[in-house]
Every structure is written in structure tokens, then in C-alpha cells.
$ cat work.txt   # compact mmCIF, C-alpha atoms
# COMPACT_ATOMS: atom_id res chain seq x y z
CA MET A 44 12.21 31.15 -1.85
CA SER A 45 13.84 34.39 -2.95
CA GLU A 46 14.36 35.21 -6.61
CA ASP A 47 18.15 34.91 -6.13
CA LYS A 48 17.82 31.42 -4.68
CA GLU A 49 15.50 30.36 -7.50
CA SER A 50 17.87 31.60 -10.17
CA GLN A 51 20.80 29.89 -8.43
CA MET A 52 18.95 26.57 -8.42
CA ASP A 53 17.95 27.13 -12.05
CA ILE A 54 21.59 27.63 -13.07
CA ILE A 55 22.66 24.46 -11.27
CA MET A 56 19.89 22.49 -12.97
CA GLU A 57 20.77 24.07 -16.31
CA TYR A 58 24.27 22.62 -16.03
CA PHE A 59 23.06 19.16 -15.03
CA LYS A 60 20.37 19.13 -17.71
CA SER A 61 23.00 19.88 -20.35
CA HIS A 62 24.83 16.72 -19.17
CA PRO A 63 22.01 14.20 -18.57
CA LYS A 64 22.90 10.87 -16.93
CA LYS A 65 26.55 11.90 -16.54
CA ASP A 66 28.30 11.46 -13.19
CA ILE A 67 29.59 14.95 -12.45
CA PRO A 68 32.12 15.70 -9.69
CA HIS A 69 31.16 18.52 -7.34
CA PRO A 70 34.08 20.87 -8.24
CA GLU A 71 33.19 20.79 -11.94
CA VAL A 72 29.63 21.95 -11.22
CA VAL A 73 30.63 24.51 -8.59
CA ASP A 74 33.26 26.13 -10.83
CA TRP A 75 30.86 26.52 -13.75
CA VAL A 76 27.88 27.62 -11.64
CA THR A 77 29.76 30.27 -9.65
CA ALA A 78 31.34 31.74 -12.80
CA GLU A 79 28.04 31.67 -14.73
CA TYR A 80 26.06 33.24 -11.87
CA LYS A 81 28.65 36.03 -11.52
CA HIS A 82 28.57 36.60 -15.30
CA ARG A 83 24.76 36.79 -15.44
CA THR A 84 24.03 38.73 -12.25
CA GLY A 85 27.27 40.38 -11.16
CA LYS A 86 26.71 38.77 -7.76
CA VAL A 87 28.59 36.08 -5.86
CA PHE A 88 26.93 32.66 -5.57
CA ARG A 89 27.15 31.84 -1.86
CA ASP A 90 27.36 28.15 -0.90
CA PRO A 91 26.62 26.33 -4.17
CA ASP A 92 27.54 23.08 -2.38
CA ARG A 93 24.50 23.40 -0.13
CA ALA A 94 22.25 24.17 -3.12
CA ILE A 95 23.44 21.03 -4.94
CA ARG A 96 22.83 18.89 -1.83
CA LYS A 97 19.34 20.42 -1.47
CA LEU A 98 18.48 19.58 -5.08
CA SER A 99 19.62 16.01 -4.41
CA GLN A 100 17.57 15.76 -1.22
CA GLU A 101 14.50 17.03 -3.09
CA GLY A 102 14.94 14.35 -5.76
CA TYR A 103 16.07 16.53 -8.67
CA LEU A 104 19.61 15.10 -8.67
CA ILE A 105 20.94 11.65 -7.81
CA LYS A 106 23.90 11.41 -5.47
CA VAL A 107 26.14 8.78 -7.08
CA LYS A 108 28.73 8.88 -4.31
CA LYS A 109 30.32 11.50 -2.10
CA GLY A 110 30.90 14.62 -4.18
CA VAL A 111 29.44 13.16 -7.40
CA TYR A 112 25.90 13.85 -8.66
CA LYS A 113 23.92 13.21 -11.82
CA TYR A 114 20.68 14.29 -13.43
CA ASP A 115 18.37 11.60 -14.77
CA PRO A 116 15.36 13.15 -16.56
CA TYR A 117 13.30 9.96 -16.17
CA ALA A 118 13.85 9.79 -12.40
CA VAL A 119 12.83 13.44 -11.99
CA THR A 120 9.64 13.14 -14.08
CA HIS A 121 8.70 9.87 -12.35
CA LYS A 122 9.56 10.78 -8.75
CA GLU A 123 6.27 9.35 -7.55
CA LEU A 124 7.43 5.92 -8.74
CA GLU A 125 10.24 5.95 -6.16
CA ASP A 126 7.81 5.22 -3.32
CA PHE A 127 6.54 1.71 -2.72
CA THR A 128 2.92 1.00 -3.61
CA PRO A 129 0.72 -0.68 -0.99
CA ALA A 130 0.98 -3.93 -3.00
CA GLN A 131 4.80 -3.72 -3.02
CA LYS A 132 4.89 -3.04 0.72
CA LYS A 133 2.71 -6.10 1.32
CA ALA A 134 4.93 -8.27 -0.90
CA ILE A 135 8.10 -7.07 0.86
CA MET A 136 6.63 -7.71 4.33
CA GLU A 137 5.41 -11.15 3.25
CA ARG A 138 8.85 -12.00 1.89
CA ASP A 139 10.45 -10.86 5.16
CA GLY A 140 7.94 -12.82 7.25
CA TYR A 141 6.38 -9.67 8.71
CA LYS A 142 9.52 -9.21 10.84
CA CYS A 143 12.27 -6.62 11.04
CA VAL A 144 15.24 -7.95 9.04
CA ILE A 145 17.62 -6.61 11.71
CA CYS A 146 16.09 -7.66 15.04
CA GLY A 147 13.47 -10.22 14.00
CA ARG A 148 10.65 -8.54 15.93
CA GLY A 149 7.26 -8.05 14.32
CA ILE A 150 3.65 -6.99 14.78
CA LYS A 151 2.94 -9.87 17.19
CA ASP A 152 5.68 -8.38 19.41
CA GLY A 153 3.84 -5.06 19.40
CA VAL A 154 6.36 -3.47 17.04
CA GLU A 155 5.47 -1.04 14.24
CA LEU A 156 6.86 -2.26 10.92
CA GLN A 157 7.90 -0.06 8.02
CA VAL A 158 9.13 -0.76 4.50
CA ASP A 159 12.37 1.02 3.69
CA HIS A 160 14.66 1.35 0.68
CA ILE A 161 17.88 -0.67 1.00
CA ARG A 162 19.61 1.77 -1.34
CA PRO A 163 18.14 5.18 -0.42
CA LYS A 164 16.11 7.16 -2.94
CA ASP A 165 18.52 10.11 -2.76
CA LEU A 166 21.30 7.75 -3.87
CA GLY A 167 19.28 6.50 -6.84
CA GLY A 168 17.48 3.65 -5.08
CA THR A 169 14.38 2.46 -6.91
CA ASN A 170 11.03 1.24 -5.66
CA SER A 171 11.66 -2.36 -6.73
CA ILE A 172 10.72 -5.15 -4.34
CA GLU A 173 14.38 -6.24 -4.39
CA ASN A 174 15.37 -2.82 -3.04
CA GLY A 175 12.88 -2.97 -0.19
CA GLU A 176 13.25 -4.34 3.32
CA THR A 177 11.08 -4.62 6.39
CA LEU A 178 12.34 -2.69 9.41
CA CYS A 179 10.88 -1.94 12.80
CA ALA A 180 10.43 1.78 13.48
CA GLN A 181 13.46 1.79 15.82
CA HIS A 182 15.85 0.26 13.28
CA ASN A 183 14.51 2.44 10.47
CA ILE A 184 15.39 5.54 12.51
CA GLN A 185 18.80 4.10 13.41
CA LYS A 186 19.50 3.35 9.74
CA LYS A 187 18.84 6.99 8.84
CA ASN A 188 21.33 8.04 11.52
CA TYR A 189 24.01 5.58 10.37
CA LYS A 190 25.32 8.04 7.79
CA GLN A 191 26.38 10.33 10.64
CA THR A 192 27.88 7.44 12.61
CA GLU A 193 29.80 6.30 9.52
CA SER A 194 31.44 9.72 9.26
CA GLY A 195 32.25 9.61 12.97
CA LYS A 196 33.82 6.17 12.80
CA ARG A 197 35.95 7.09 9.79
CA TYR A 198 37.08 10.26 11.58
CA PHE A 199 38.18 8.37 14.71
CA ILE A 200 39.99 5.74 12.61
CA ARG A 201 41.97 8.51 10.87
CA LEU A 202 42.66 10.22 14.19
CA TYR A 203 43.74 6.89 15.74
CA GLU A 204 46.16 6.27 12.83
CA ALA A 205 47.60 9.80 13.11
CA ALA A 206 48.08 9.42 16.89
CA LYS A 207 49.73 6.04 16.35
CA ALA A 208 52.09 7.48 13.71
CA ASN A 209 53.01 10.38 16.00
CA GLY A 210 53.44 8.22 19.10
CA ASP A 211 50.62 10.01 20.95
CA LYS A 212 49.58 7.15 23.26
CA GLU A 213 46.96 9.19 25.13
CA LEU A 214 45.06 10.24 22.00
CA GLN A 215 45.46 6.74 20.55
CA LYS A 216 43.89 5.25 23.71
CA PHE A 217 41.01 7.76 23.59
CA CYS A 218 40.23 6.92 19.94
CA ALA A 219 40.50 3.19 20.63
CA GLN A 220 37.93 3.47 23.42
CA ILE A 221 35.47 5.19 21.10
CA LEU A 222 36.06 2.71 18.27
CA GLU A 223 35.57 -0.19 20.69
CA VAL A 224 32.11 1.21 21.51
CA TYR A 225 31.27 1.09 17.78
CA GLU A 226 32.42 -2.54 17.61
CA LYS A 227 30.76 -3.60 20.86
CA ASN A 228 27.41 -2.31 19.60
CA GLY A 229 27.80 -3.61 16.05
CA VAL A 230 27.53 -0.14 14.51
CA ASN A 231 29.01 0.28 11.02
CA GLY A 232 30.79 -3.09 11.03
CA HIS A 233 31.42 -2.69 7.29
CA ILE A 234 33.98 0.02 8.13
CA VAL A 235 37.03 -1.92 9.27
CA TRP A 236 39.24 -0.61 12.05
CA LYS A 237 42.69 -2.21 12.01
CA LYS A 238 44.04 -2.05 15.55

$ encode --input "work.txt" --output "C-alpha cells"
Amino acid sequence: MSEDKESQMDIIMEYFKSHPKKDIPHPEVVDWVTAEYKHRTGKVFRDPDRAIRKLSQEGYLIKVKKGVYKYDPYAVTHKELEDFTPAQKKAIMERDGYKCVICGRGIKDGVELQVDHIRPKDLGGTNSIENGETLCAQHNIQKKNYKQTESGKRYFIRLYEAAKANGDKELQKFCAQILEVYEKNGVNGHIVWKK
């Protein structure tokens, strides 16, 4: 990592560390960080949004919700505690009957089982047994991809509503076909599409 990148990350962390355990909206951090970096170096801080996301992905910040992050000193100094121990994994699999909680398949079906966080680590999920679930490898991968499908579904719902409001029947039909595929396959059912 270049010296510039390191100092940029340091400035972001400096701000969060001065406000421990506080939910901080993205714009508040970005405004301070870009001004402070310019003041200290005379240079422009390019893409502070990406740097904040990277710090979250690496476990230094907790993503509270979209556009809101916080720094928890305990979580950062005990990052190793976020992973399940072998004993916890065993307890979670026993509780779930050694079967995927989504499809019900297990080792006797020739399926690889994995223990996953219900609330992801990068969103502050802990390594408690209550926050663990047994998933087959296929559903664990699908779960990781659901974030992208959630964004897609929300986009097509907004586009459908806009087409409906503007009387654009062709675009409305197109969006409806895509949203019906989501519903037919049971993807992101928690996001409601009102036809």
C-alpha cells in the first residue's frame, strides 16, 4: 500500500476513533476526511467512500446500515472472536440437525455443510451460537450474492413504479417480467413488490 493510501486510511480511522461506538453517516466522515487530508497534505483525497468501505470489509469499522458506519474498539481488538470456534460450529450443526436450514440437505445427501453468520460480520454480527446457521455450500454462496440481487430487485421496483406513473406500458411490462422471475424463484421475498 502506498504511503498516500496509508495516510488516507489513518485519517479516516482517526475520525472514527475520536467518536467511538457512534453511528456516523457517510457524508459527515467524507466531509471531514477530505478537508483534513487537503489541509495536511495539500492533495485531494480521491474516493474516500471506497476507503471507508474497505475499512469496513477488513473489520476495522462496522457497517450499521447503508451509508452509516461505526468504530467499536472492542470489536477491532477482538476480531478473532468473530469467527466460530470448532465447538460452536459443532453445536450449531447439531442444533440444525446437520442439515442446511434452507434446503434441508445434509452430509448423508453428499452435501458439504458450512456454518455461516446470520447477521454478517461486516454488519456487526457476532460469533454467538444464536447468530450461526448451517448452510450447504450452494446456499452459502447464494446468500453472499443476495446483497447484489436485493439491489437489483429494488431498482426494478422503482423503475416499474416510474413506468407506471408515466404510462410507459412497455417498460412496465419488462420490469414486471423481471420481478416475476424474482418471485417465482423465491429470491428476496422480504422485499415486497406491489403490482

$ residues_around --input "work.txt" --residues "stretch 87-89 of chain A" --least-positions-apart "6" --cutoff "8 Å" --atoms "only C-alpha atoms" --output "list of chain:residue names"
A:Gln51, A:Val76, A:Thr77, A:Tyr80, A:Lys81

$ residues_around --input "work.txt" --residues "stretch 91-97 of chain A" --least-positions-apart "6" --cutoff "10 Å" --atoms "only C-alpha atoms" --output "JSON, numbers by chain"
{"A": [48, 51, 52, 55, 56, 69, 70, 72, 73, 74, 76, 77, 103, 104, 105, 106, 110, 112, 165]}

$ closest_residue --input "work.txt" --among "A:Lys113, A:Thr177, A:His82, A:Ser50" --to "A:Pro63" --atoms "only C-alpha atoms"
A:Lys113

$ closest_residue --input "work.txt" --among "A:Arg148, A:Lys142, A:Lys207, A:Ile135" --to "A:His160" --atoms "all atoms listed in the file"
A:Ile135

$ atom_distance --input "work.txt" --atom1 "atom CA of A:Asp159" --atom2 "atom CA of A:Gly175"
5.6 Å
